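**Student:** So I've got this file, upload06.txt, and it contains compact mmCIF, N, CA and C atoms:
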```
# COMPACT_ATOMS: atom_id res chain seq x y z
N MET A 1 -16.67 0.93 -14.19
CA MET A 1 -17.20 1.78 -13.16
C MET A 1 -16.12 2.75 -12.71
N SER A 2 -16.44 4.02 -12.65
CA SER A 2 -15.47 5.00 -12.20
C SER A 2 -16.02 5.71 -10.98
N VAL A 3 -15.14 6.11 -10.09
CA VAL A 3 -15.53 6.82 -8.88
C VAL A 3 -15.01 8.23 -8.99
N LYS A 4 -15.89 9.18 -8.78
CA LYS A 4 -15.49 10.58 -8.79
C LYS A 4 -15.57 11.09 -7.37
N ILE A 5 -14.52 11.75 -6.94
CA ILE A 5 -14.48 12.30 -5.59
C ILE A 5 -14.51 13.81 -5.70
N LYS A 6 -15.46 14.42 -5.01
CA LYS A 6 -15.60 15.87 -5.02
C LYS A 6 -15.31 16.40 -3.63
N ASN A 7 -15.15 17.70 -3.54
CA ASN A 7 -14.96 18.39 -2.27
C ASN A 7 -13.71 17.94 -1.53
N VAL A 8 -12.58 17.93 -2.21
CA VAL A 8 -11.31 17.56 -1.60
C VAL A 8 -10.59 18.83 -1.18
N LYS A 9 -10.14 18.87 0.07
CA LYS A 9 -9.45 20.03 0.60
C LYS A 9 -8.10 19.62 1.17
N ALA A 10 -7.08 20.44 0.96
CA ALA A 10 -5.77 20.15 1.54
C ALA A 10 -5.76 20.63 2.98
N VAL A 11 -5.28 19.77 3.89
CA VAL A 11 -5.18 20.13 5.30
C VAL A 11 -3.84 19.66 5.82
N ARG A 12 -3.40 20.28 6.88
CA ARG A 12 -2.17 19.82 7.54
C ARG A 12 -2.52 18.69 8.49
N THR A 13 -1.64 17.72 8.56
CA THR A 13 -1.86 16.60 9.47
C THR A 13 -1.00 16.79 10.70
N SER A 14 -1.40 16.14 11.78
CA SER A 14 -0.61 16.22 13.00
C SER A 14 0.68 15.45 12.81
N SER A 15 1.64 15.68 13.69
CA SER A 15 2.94 15.03 13.55
C SER A 15 2.83 13.52 13.73
N LYS A 16 1.80 13.03 14.45
CA LYS A 16 1.64 11.60 14.65
C LYS A 16 1.27 10.88 13.36
N SER A 17 0.47 11.52 12.51
CA SER A 17 -0.01 10.83 11.33
C SER A 17 0.68 11.28 10.05
N LYS A 18 1.85 11.90 10.16
CA LYS A 18 2.57 12.33 8.96
C LYS A 18 3.04 11.14 8.17
N SER A 19 2.94 11.23 6.86
CA SER A 19 3.44 10.16 6.00
C SER A 19 4.95 10.27 5.90
N ARG A 20 5.57 9.29 5.26
CA ARG A 20 7.03 9.28 5.14
C ARG A 20 7.55 10.51 4.42
N SER A 21 6.76 11.02 3.47
CA SER A 21 7.27 12.13 2.67
C SER A 21 6.97 13.48 3.31
N GLY A 22 6.12 13.54 4.35
CA GLY A 22 5.80 14.79 5.01
C GLY A 22 4.87 15.67 4.20
N ARG A 23 4.18 15.10 3.20
CA ARG A 23 3.28 15.87 2.37
C ARG A 23 2.02 16.23 3.13
N LYS A 24 1.31 17.26 2.61
CA LYS A 24 -0.01 17.56 3.11
C LYS A 24 -0.94 16.47 2.63
N SER A 25 -2.01 16.23 3.38
CA SER A 25 -2.98 15.24 2.95
C SER A 25 -4.27 15.93 2.56
N ALA A 26 -5.06 15.23 1.81
CA ALA A 26 -6.35 15.78 1.39
C ALA A 26 -7.44 15.14 2.23
N ARG A 27 -8.42 15.93 2.60
CA ARG A 27 -9.54 15.41 3.38
C ARG A 27 -10.78 15.49 2.52
N VAL A 28 -11.53 14.42 2.46
CA VAL A 28 -12.74 14.38 1.66
C VAL A 28 -13.91 14.76 2.54
N SER A 29 -14.73 15.66 2.04
CA SER A 29 -15.93 16.05 2.76
C SER A 29 -16.88 14.87 2.84
N ASN A 30 -17.52 14.68 3.96
CA ASN A 30 -18.49 13.60 4.11
C ASN A 30 -19.82 13.92 3.45
N GLU A 31 -19.97 15.14 2.90
CA GLU A 31 -21.24 15.53 2.33
C GLU A 31 -21.52 14.83 1.01
N MET A 32 -20.57 14.82 0.09
CA MET A 32 -20.78 14.21 -1.21
C MET A 32 -19.61 13.30 -1.53
N LEU A 33 -19.89 12.08 -1.90
CA LEU A 33 -18.86 11.15 -2.29
C LEU A 33 -19.37 10.38 -3.50
N GLY A 34 -18.76 10.60 -4.64
CA GLY A 34 -19.19 9.94 -5.86
C GLY A 34 -20.59 10.33 -6.28
N GLY A 35 -20.99 11.57 -5.97
CA GLY A 35 -22.31 12.05 -6.35
C GLY A 35 -23.41 11.58 -5.42
N VAL A 36 -23.08 10.82 -4.37
CA VAL A 36 -24.06 10.31 -3.44
C VAL A 36 -23.94 11.09 -2.14
N SER A 37 -25.06 11.59 -1.66
CA SER A 37 -25.05 12.34 -0.40
C SER A 37 -24.77 11.39 0.75
N MET A 38 -23.85 11.77 1.61
CA MET A 38 -23.50 10.98 2.78
C MET A 38 -23.90 11.75 4.03
N GLY A 39 -25.02 12.42 3.98
CA GLY A 39 -25.40 13.38 5.01
C GLY A 39 -26.03 12.81 6.25
N ASN A 40 -26.07 11.51 6.47
CA ASN A 40 -26.66 11.03 7.71
C ASN A 40 -25.76 11.34 8.89
N GLN A 41 -26.28 11.20 10.09
CA GLN A 41 -25.56 11.67 11.27
C GLN A 41 -24.27 10.92 11.54
N CYS A 42 -24.22 9.63 11.26
CA CYS A 42 -23.00 8.88 11.57
C CYS A 42 -21.84 9.32 10.68
N CYS A 43 -22.14 9.85 9.50
CA CYS A 43 -21.08 10.24 8.59
C CYS A 43 -20.60 11.67 8.82
N ASN A 44 -21.30 12.44 9.63
CA ASN A 44 -20.89 13.82 9.87
C ASN A 44 -19.78 13.92 10.91
N ARG A 45 -19.52 12.82 11.61
CA ARG A 45 -18.41 12.80 12.56
C ARG A 45 -17.11 12.52 11.83
N ARG A 46 -16.00 12.88 12.45
CA ARG A 46 -14.68 12.61 11.88
C ARG A 46 -14.46 11.11 11.86
N ASP A 47 -14.16 10.59 10.70
CA ASP A 47 -13.99 9.15 10.51
C ASP A 47 -12.50 8.83 10.45
N PRO A 48 -11.97 8.12 11.47
CA PRO A 48 -10.53 7.81 11.46
C PRO A 48 -10.12 6.90 10.31
N ALA A 49 -11.05 6.15 9.73
CA ALA A 49 -10.71 5.30 8.59
C ALA A 49 -10.37 6.14 7.36
N VAL A 50 -10.98 7.33 7.24
CA VAL A 50 -10.67 8.21 6.12
C VAL A 50 -9.20 8.64 6.20
N GLU A 51 -8.78 9.03 7.39
CA GLU A 51 -7.37 9.42 7.57
C GLU A 51 -6.45 8.22 7.37
N GLY A 52 -6.90 7.03 7.78
CA GLY A 52 -6.11 5.82 7.57
C GLY A 52 -5.92 5.52 6.09
N ILE A 53 -6.99 5.71 5.31
CA ILE A 53 -6.89 5.50 3.86
C ILE A 53 -5.94 6.51 3.24
N GLN A 54 -5.99 7.76 3.71
CA GLN A 54 -5.08 8.78 3.19
C GLN A 54 -3.63 8.43 3.52
N GLU A 55 -3.39 7.99 4.74
CA GLU A 55 -2.04 7.57 5.13
C GLU A 55 -1.59 6.39 4.28
N ALA A 56 -2.49 5.44 4.03
CA ALA A 56 -2.17 4.28 3.20
C ALA A 56 -1.79 4.71 1.80
N GLY A 57 -2.55 5.63 1.23
CA GLY A 57 -2.25 6.11 -0.12
C GLY A 57 -0.88 6.72 -0.21
N ALA A 58 -0.54 7.56 0.76
CA ALA A 58 0.77 8.21 0.75
C ALA A 58 1.90 7.20 0.96
N ASP A 59 1.77 6.33 1.96
CA ASP A 59 2.84 5.39 2.27
C ASP A 59 3.03 4.34 1.17
N LEU A 60 1.93 3.81 0.65
CA LEU A 60 2.07 2.79 -0.40
C LEU A 60 2.58 3.41 -1.70
N SER A 61 2.21 4.65 -1.95
CA SER A 61 2.76 5.35 -3.12
C SER A 61 4.27 5.49 -2.99
N ASP A 62 4.72 5.88 -1.80
CA ASP A 62 6.16 6.00 -1.55
C ASP A 62 6.85 4.64 -1.68
N LEU A 63 6.21 3.59 -1.15
CA LEU A 63 6.78 2.24 -1.21
C LEU A 63 6.96 1.79 -2.66
N PHE A 64 5.91 1.90 -3.46
CA PHE A 64 6.01 1.45 -4.84
C PHE A 64 6.91 2.35 -5.68
N HIS A 65 7.03 3.61 -5.29
CA HIS A 65 7.96 4.50 -5.99
C HIS A 65 9.41 4.01 -5.80
N GLN A 66 9.72 3.46 -4.62
CA GLN A 66 11.06 2.92 -4.37
C GLN A 66 11.40 1.79 -5.33
N PHE A 67 10.37 1.05 -5.77
CA PHE A 67 10.60 -0.09 -6.65
C PHE A 67 11.08 0.33 -8.03
N LYS A 68 11.03 1.61 -8.35
CA LYS A 68 11.57 2.10 -9.63
C LYS A 68 13.09 1.99 -9.65
N ASN A 69 13.71 2.04 -8.48
CA ASN A 69 15.15 1.91 -8.37
C ASN A 69 15.54 0.47 -8.68
N PRO A 70 16.41 0.25 -9.69
CA PRO A 70 16.75 -1.13 -10.08
C PRO A 70 17.42 -1.94 -8.98
N VAL A 71 18.17 -1.30 -8.11
CA VAL A 71 18.82 -2.02 -7.01
C VAL A 71 17.77 -2.51 -6.02
N VAL A 72 16.82 -1.65 -5.68
CA VAL A 72 15.75 -2.02 -4.76
C VAL A 72 14.87 -3.10 -5.39
N ALA A 73 14.54 -2.94 -6.66
CA ALA A 73 13.71 -3.93 -7.36
C ALA A 73 14.39 -5.30 -7.36
N ALA A 74 15.70 -5.33 -7.60
CA ALA A 74 16.43 -6.60 -7.59
C ALA A 74 16.40 -7.24 -6.20
N LYS A 75 16.52 -6.42 -5.15
CA LYS A 75 16.46 -6.95 -3.78
C LYS A 75 15.08 -7.53 -3.48
N VAL A 76 14.03 -6.86 -3.94
CA VAL A 76 12.67 -7.35 -3.71
C VAL A 76 12.47 -8.69 -4.41
N VAL A 77 12.88 -8.78 -5.67
CA VAL A 77 12.74 -10.02 -6.43
C VAL A 77 13.51 -11.15 -5.76
N ARG A 78 14.74 -10.87 -5.37
CA ARG A 78 15.58 -11.90 -4.71
C ARG A 78 14.95 -12.33 -3.38
N ALA A 79 14.44 -11.36 -2.61
CA ALA A 79 13.83 -11.67 -1.31
C ALA A 79 12.59 -12.55 -1.49
N ILE A 80 11.80 -12.27 -2.52
CA ILE A 80 10.60 -13.09 -2.77
C ILE A 80 11.01 -14.50 -3.20
N ARG A 81 11.92 -14.60 -4.16
CA ARG A 81 12.33 -15.93 -4.65
C ARG A 81 12.99 -16.76 -3.57
N CYS A 82 13.77 -16.13 -2.70
CA CYS A 82 14.50 -16.85 -1.64
C CYS A 82 13.72 -16.91 -0.33
N ARG A 83 12.52 -16.36 -0.33
CA ARG A 83 11.67 -16.34 0.87
C ARG A 83 12.37 -15.71 2.06
N ASN A 84 13.00 -14.58 1.80
CA ASN A 84 13.77 -13.87 2.83
C ASN A 84 12.86 -12.82 3.49
N ARG A 85 12.16 -13.25 4.53
CA ARG A 85 11.21 -12.39 5.24
C ARG A 85 11.89 -11.15 5.83
N LYS A 86 13.05 -11.34 6.45
CA LYS A 86 13.74 -10.23 7.11
C LYS A 86 14.08 -9.12 6.12
N LEU A 87 14.68 -9.46 4.99
CA LEU A 87 15.05 -8.46 4.00
C LEU A 87 13.81 -7.77 3.43
N LEU A 88 12.79 -8.54 3.13
CA LEU A 88 11.58 -7.97 2.55
C LEU A 88 10.91 -7.01 3.54
N GLU A 89 10.85 -7.36 4.80
CA GLU A 89 10.23 -6.48 5.79
C GLU A 89 11.05 -5.21 6.00
N GLU A 90 12.36 -5.28 5.84
CA GLU A 90 13.18 -4.06 5.89
C GLU A 90 12.84 -3.14 4.71
N LEU A 91 12.58 -3.73 3.55
CA LEU A 91 12.30 -2.94 2.35
C LEU A 91 10.90 -2.35 2.34
N ILE A 92 9.92 -3.05 2.92
CA ILE A 92 8.54 -2.58 2.83
C ILE A 92 8.13 -1.64 3.95
N GLY A 93 8.91 -1.52 5.00
CA GLY A 93 8.64 -0.52 6.02
C GLY A 93 7.89 -1.03 7.23
N ALA A 94 7.73 -0.14 8.20
CA ALA A 94 7.19 -0.50 9.51
C ALA A 94 5.69 -0.78 9.50
N ASN A 95 4.94 -0.17 8.59
CA ASN A 95 3.49 -0.37 8.57
C ASN A 95 3.09 -1.71 7.96
N CYS A 96 4.03 -2.40 7.31
CA CYS A 96 3.71 -3.62 6.57
C CYS A 96 4.51 -4.80 7.10
N HIS A 97 3.95 -5.99 6.90
CA HIS A 97 4.68 -7.20 7.25
C HIS A 97 4.33 -8.32 6.28
N VAL A 98 5.21 -9.30 6.21
CA VAL A 98 5.01 -10.46 5.35
C VAL A 98 4.06 -11.42 6.06
N VAL A 99 2.97 -11.79 5.38
CA VAL A 99 2.03 -12.76 5.93
C VAL A 99 2.51 -14.17 5.61
N CYS A 100 2.83 -14.41 4.32
CA CYS A 100 3.30 -15.73 3.93
C CYS A 100 3.92 -15.68 2.53
N PHE A 101 4.71 -16.69 2.26
CA PHE A 101 5.24 -16.91 0.91
C PHE A 101 4.49 -18.10 0.33
N PHE A 102 4.31 -18.11 -1.00
CA PHE A 102 3.65 -19.23 -1.63
C PHE A 102 4.04 -19.31 -3.10
N GLN A 103 3.79 -20.47 -3.70
CA GLN A 103 4.05 -20.69 -5.12
C GLN A 103 2.72 -20.65 -5.86
N GLN A 104 2.75 -20.11 -7.05
CA GLN A 104 1.57 -20.11 -7.91
C GLN A 104 2.05 -20.39 -9.33
N GLY A 105 1.97 -21.66 -9.71
CA GLY A 105 2.51 -22.05 -11.02
C GLY A 105 4.00 -21.82 -11.06
N ARG A 106 4.47 -21.08 -12.07
CA ARG A 106 5.91 -20.80 -12.19
C ARG A 106 6.32 -19.52 -11.46
N TYR A 107 5.45 -19.04 -10.56
CA TYR A 107 5.72 -17.80 -9.84
C TYR A 107 5.98 -18.05 -8.36
N SER A 108 6.92 -17.27 -7.81
CA SER A 108 7.10 -17.19 -6.36
C SER A 108 6.36 -15.95 -5.91
N CYS A 109 5.59 -16.09 -4.83
CA CYS A 109 4.73 -15.00 -4.40
C CYS A 109 4.90 -14.71 -2.91
N VAL A 110 4.51 -13.50 -2.54
CA VAL A 110 4.47 -13.10 -1.15
C VAL A 110 3.18 -12.34 -0.92
N ARG A 111 2.54 -12.59 0.20
CA ARG A 111 1.36 -11.82 0.62
C ARG A 111 1.83 -10.84 1.68
N ILE A 112 1.53 -9.58 1.46
CA ILE A 112 1.94 -8.51 2.36
C ILE A 112 0.69 -7.86 2.94
N GLU A 113 0.75 -7.55 4.22
CA GLU A 113 -0.36 -6.87 4.87
C GLU A 113 0.16 -5.60 5.53
N CYS A 114 -0.57 -4.50 5.33
CA CYS A 114 -0.19 -3.21 5.89
C CYS A 114 -1.36 -2.66 6.69
N THR A 115 -1.07 -2.02 7.81
CA THR A 115 -2.12 -1.38 8.60
C THR A 115 -1.80 0.11 8.72
N PHE A 116 -2.87 0.90 8.73
CA PHE A 116 -2.73 2.35 8.75
C PHE A 116 -3.78 2.95 9.68
N GLY A 117 -3.51 4.17 10.12
CA GLY A 117 -4.41 4.90 11.01
C GLY A 117 -3.94 4.77 12.44
N GLN A 118 -4.40 5.69 13.28
CA GLN A 118 -3.96 5.70 14.67
C GLN A 118 -4.36 4.44 15.42
N CYS A 119 -5.50 3.86 15.08
CA CYS A 119 -5.97 2.64 15.74
C CYS A 119 -6.05 1.48 14.76
N CYS A 120 -5.16 1.49 13.76
CA CYS A 120 -5.15 0.45 12.74
C CYS A 120 -6.53 0.30 12.10
N ASP A 121 -7.13 1.44 11.73
CA ASP A 121 -8.48 1.48 11.18
C ASP A 121 -8.55 0.92 9.76
N VAL A 122 -7.41 0.85 9.08
CA VAL A 122 -7.39 0.38 7.69
C VAL A 122 -6.34 -0.72 7.57
N ARG A 123 -6.75 -1.82 6.94
CA ARG A 123 -5.82 -2.91 6.68
C ARG A 123 -5.87 -3.21 5.19
N ILE A 124 -4.71 -3.22 4.55
CA ILE A 124 -4.62 -3.52 3.13
C ILE A 124 -3.67 -4.70 2.97
N SER A 125 -4.10 -5.68 2.18
CA SER A 125 -3.20 -6.79 1.88
C SER A 125 -3.12 -6.94 0.37
N PHE A 126 -1.97 -7.36 -0.08
CA PHE A 126 -1.75 -7.55 -1.51
C PHE A 126 -0.68 -8.60 -1.73
N ASP A 127 -0.69 -9.17 -2.92
CA ASP A 127 0.28 -10.18 -3.31
C ASP A 127 1.21 -9.60 -4.35
N ILE A 128 2.48 -9.99 -4.29
CA ILE A 128 3.45 -9.70 -5.34
C ILE A 128 3.99 -11.05 -5.78
N CYS A 129 3.91 -11.32 -7.08
CA CYS A 129 4.42 -12.57 -7.63
C CYS A 129 5.47 -12.27 -8.69
N VAL A 130 6.56 -13.01 -8.67
CA VAL A 130 7.62 -12.86 -9.66
C VAL A 130 7.90 -14.22 -10.28
N SER A 131 8.22 -14.22 -11.57
CA SER A 131 8.49 -15.48 -12.25
C SER A 131 9.78 -16.08 -11.72
N ASN A 132 9.84 -17.40 -11.78
CA ASN A 132 11.03 -18.11 -11.31
C ASN A 132 12.07 -18.31 -12.40
N GLN A 133 11.76 -17.91 -13.61
CA GLN A 133 12.70 -18.07 -14.72
C GLN A 133 12.56 -16.90 -15.67
N PHE A 134 13.58 -16.69 -16.46
CA PHE A 134 13.52 -15.62 -17.45
C PHE A 134 12.62 -16.06 -18.60
N CYS A 135 12.01 -15.11 -19.22
CA CYS A 135 11.14 -15.39 -20.35
C CYS A 135 11.97 -15.96 -21.50
N ARG A 136 11.59 -17.12 -22.02
CA ARG A 136 12.36 -17.77 -23.08
C ARG A 136 12.11 -17.12 -24.43
N ASP A 137 10.89 -16.72 -24.68
CA ASP A 137 10.54 -16.13 -25.97
C ASP A 137 10.61 -14.61 -25.87
N ARG A 138 11.52 -14.04 -26.60
CA ARG A 138 11.64 -12.57 -26.63
C ARG A 138 10.67 -12.02 -27.66
N PHE A 139 10.06 -10.92 -27.35
CA PHE A 139 9.09 -10.33 -28.28
C PHE A 139 9.77 -9.42 -29.26
```
Let's see the structure in the file written out as structure tokens.
**Tutor:**
Amino acid sequence: MSVKIKNVKAVRTSSKSKSRSGRKSARVSNEMLGGVSMGNQCCNRRDPAVEGIQEAGADLSDLFHQFKNPVVAAKVVRAIRCRNRKLLEELIGANCHVVCFFQQGRYSCVRIECTFGQCCDVRISFDICVSNQFCRDRF
């Protein structure tokens, strides 16, 4: 299943809702979304969850882009394996926090929850799991 988004326009955001990178955000028209008309009256109002999703996209993109840095990636792996909440929360930023650490087979995992929007209209949670040992069989 694929989702197609039409009618995307670039707009400037207020200083309160600027993402970490200061980029412009895109606003989706409430008229058409995925080829389905969203023209009822409740959808014609400004939806703060839409802006929250846009903020989430920008911030999480920036967060995962940081993981490309080998030093940052090593810190994240070490923080997950050692269950270092303080270090991990410093790395993931102010919008996110560690919910819990857990084991899943040979993996050490962390559940992270992030909130976005002026009234926390969007909440995203995800797990990151890292192996506890190096792969024995090289490909």
**Student:** Taking the backbone alone, and naming residues the way the document does, which bits of stretch 63-123 of chain A are alpha helix (DSSP H) by DSSP, as number ranges by chain?
**Tutor:** A: 63-66, 70-81, 85-92
**Student:** List the spatial neighbours of stretch 101-117 of chain A as a short mmCIF file (atom, residue, chain, number, x, y, z; two decimals) with N, CA and C atoms, in the coordinates of the input - criterion: any atom at most 7 Å away, only C-alpha atoms, same-chain residues fewer than 3 positions off excluded.
**Tutor:**
```cif
data_model
loop_
_atom_site.label_atom_id
_atom_site.label_comp_id
_atom_site.auth_asym_id
_atom_site.auth_seq_id
_atom_site.Cartn_x
_atom_site.Cartn_y
_atom_site.Cartn_z
N PRO A 48 -11.97 8.12 11.47
CA PRO A 48 -10.53 7.81 11.46
C PRO A 48 -10.12 6.90 10.31
N ALA A 49 -11.05 6.15 9.73
CA ALA A 49 -10.71 5.30 8.59
C ALA A 49 -10.37 6.14 7.36
N GLU A 51 -8.78 9.03 7.39
CA GLU A 51 -7.37 9.42 7.57
C GLU A 51 -6.45 8.22 7.37
N GLY A 52 -6.90 7.03 7.78
CA GLY A 52 -6.11 5.82 7.57
C GLY A 52 -5.92 5.52 6.09
N GLU A 55 -3.39 7.99 4.74
CA GLU A 55 -2.04 7.57 5.13
C GLU A 55 -1.59 6.39 4.28
N ALA A 56 -2.49 5.44 4.03
CA ALA A 56 -2.17 4.28 3.20
C ALA A 56 -1.79 4.71 1.80
N ILE A 80 11.80 -12.27 -2.52
CA ILE A 80 10.60 -13.09 -2.77
C ILE A 80 11.01 -14.50 -3.20
N ARG A 81 11.92 -14.60 -4.16
CA ARG A 81 12.33 -15.93 -4.65
C ARG A 81 12.99 -16.76 -3.57
N ARG A 83 12.52 -16.36 -0.33
CA ARG A 83 11.67 -16.34 0.87
C ARG A 83 12.37 -15.71 2.06
N ASN A 95 4.94 -0.17 8.59
CA ASN A 95 3.49 -0.37 8.57
C ASN A 95 3.09 -1.71 7.96
N CYS A 96 4.03 -2.40 7.31
CA CYS A 96 3.71 -3.62 6.57
C CYS A 96 4.51 -4.80 7.10
N HIS A 97 3.95 -5.99 6.90
CA HIS A 97 4.68 -7.20 7.25
C HIS A 97 4.33 -8.32 6.28
N VAL A 98 5.21 -9.30 6.21
CA VAL A 98 5.01 -10.46 5.35
C VAL A 98 4.06 -11.42 6.06
N CYS A 120 -5.16 1.49 13.76
CA CYS A 120 -5.15 0.45 12.74
C CYS A 120 -6.53 0.30 12.10
N ASP A 121 -7.13 1.44 11.73
CA ASP A 121 -8.48 1.48 11.18
C ASP A 121 -8.55 0.92 9.76
N VAL A 122 -7.41 0.85 9.08
CA VAL A 122 -7.39 0.38 7.69
C VAL A 122 -6.34 -0.72 7.57
N ARG A 123 -6.75 -1.82 6.94
CA ARG A 123 -5.82 -2.91 6.68
C ARG A 123 -5.87 -3.21 5.19
N ILE A 124 -4.71 -3.22 4.55
CA ILE A 124 -4.62 -3.52 3.13
C ILE A 124 -3.67 -4.70 2.97
N SER A 125 -4.10 -5.68 2.18
CA SER A 125 -3.20 -6.79 1.88
C SER A 125 -3.12 -6.94 0.37
N PHE A 126 -1.97 -7.36 -0.08
CA PHE A 126 -1.75 -7.55 -1.51
C PHE A 126 -0.68 -8.60 -1.73
N ASP A 127 -0.69 -9.17 -2.92
CA ASP A 127 0.28 -10.18 -3.31
C ASP A 127 1.21 -9.60 -4.35
N ILE A 128 2.48 -9.99 -4.29
CA ILE A 128 3.45 -9.70 -5.34
C ILE A 128 3.99 -11.05 -5.78
N CYS A 129 3.91 -11.32 -7.08
CA CYS A 129 4.42 -12.57 -7.63
C CYS A 129 5.47 -12.27 -8.69
N VAL A 130 6.56 -13.01 -8.67
CA VAL A 130 7.62 -12.86 -9.66
C VAL A 130 7.90 -14.22 -10.28
N SER A 131 8.22 -14.22 -11.57
CA SER A 131 8.49 -15.48 -12.25
C SER A 131 9.78 -16.08 -11.72
N ASN A 132 9.84 -17.40 -11.78
CA ASN A 132 11.03 -18.11 -11.31
C ASN A 132 12.07 -18.31 -12.40
#
```
**Student:** Quick one: pull the distance between atom CA of A:Ile92 and atom C of A:Asp62, Å, one decimal.
**Tutor:**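 Separating atom CA of A:Ile92 from atom C of A:Asp62 is a distance of 8.7 Å.
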**Student:** Can you measure atom C of A:Phe67 to atom C of A:Cys119 for me? One decimal in Å is fine.
**Tutor:**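 Atom C of A:Cys119 lies at a distance of 28.5 Å from atom C of A:Phe67.
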**Student:** Which value, in Å to one decimal, gives the distance between atom C of A:Val72 and atom N of A:Glu89?
**Tutor:**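 Computing it gives 11.8 Å between the two atoms.
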**Student:** Kindly indicate which residue among A:Leu91, A:Ala58, A:Cys100, A:Leu63 lies nearest to A:Val76, using only C-alpha atoms for the distances.
**Tutor:**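 For A:Val76, the nearest of the candidates is A:Leu91.
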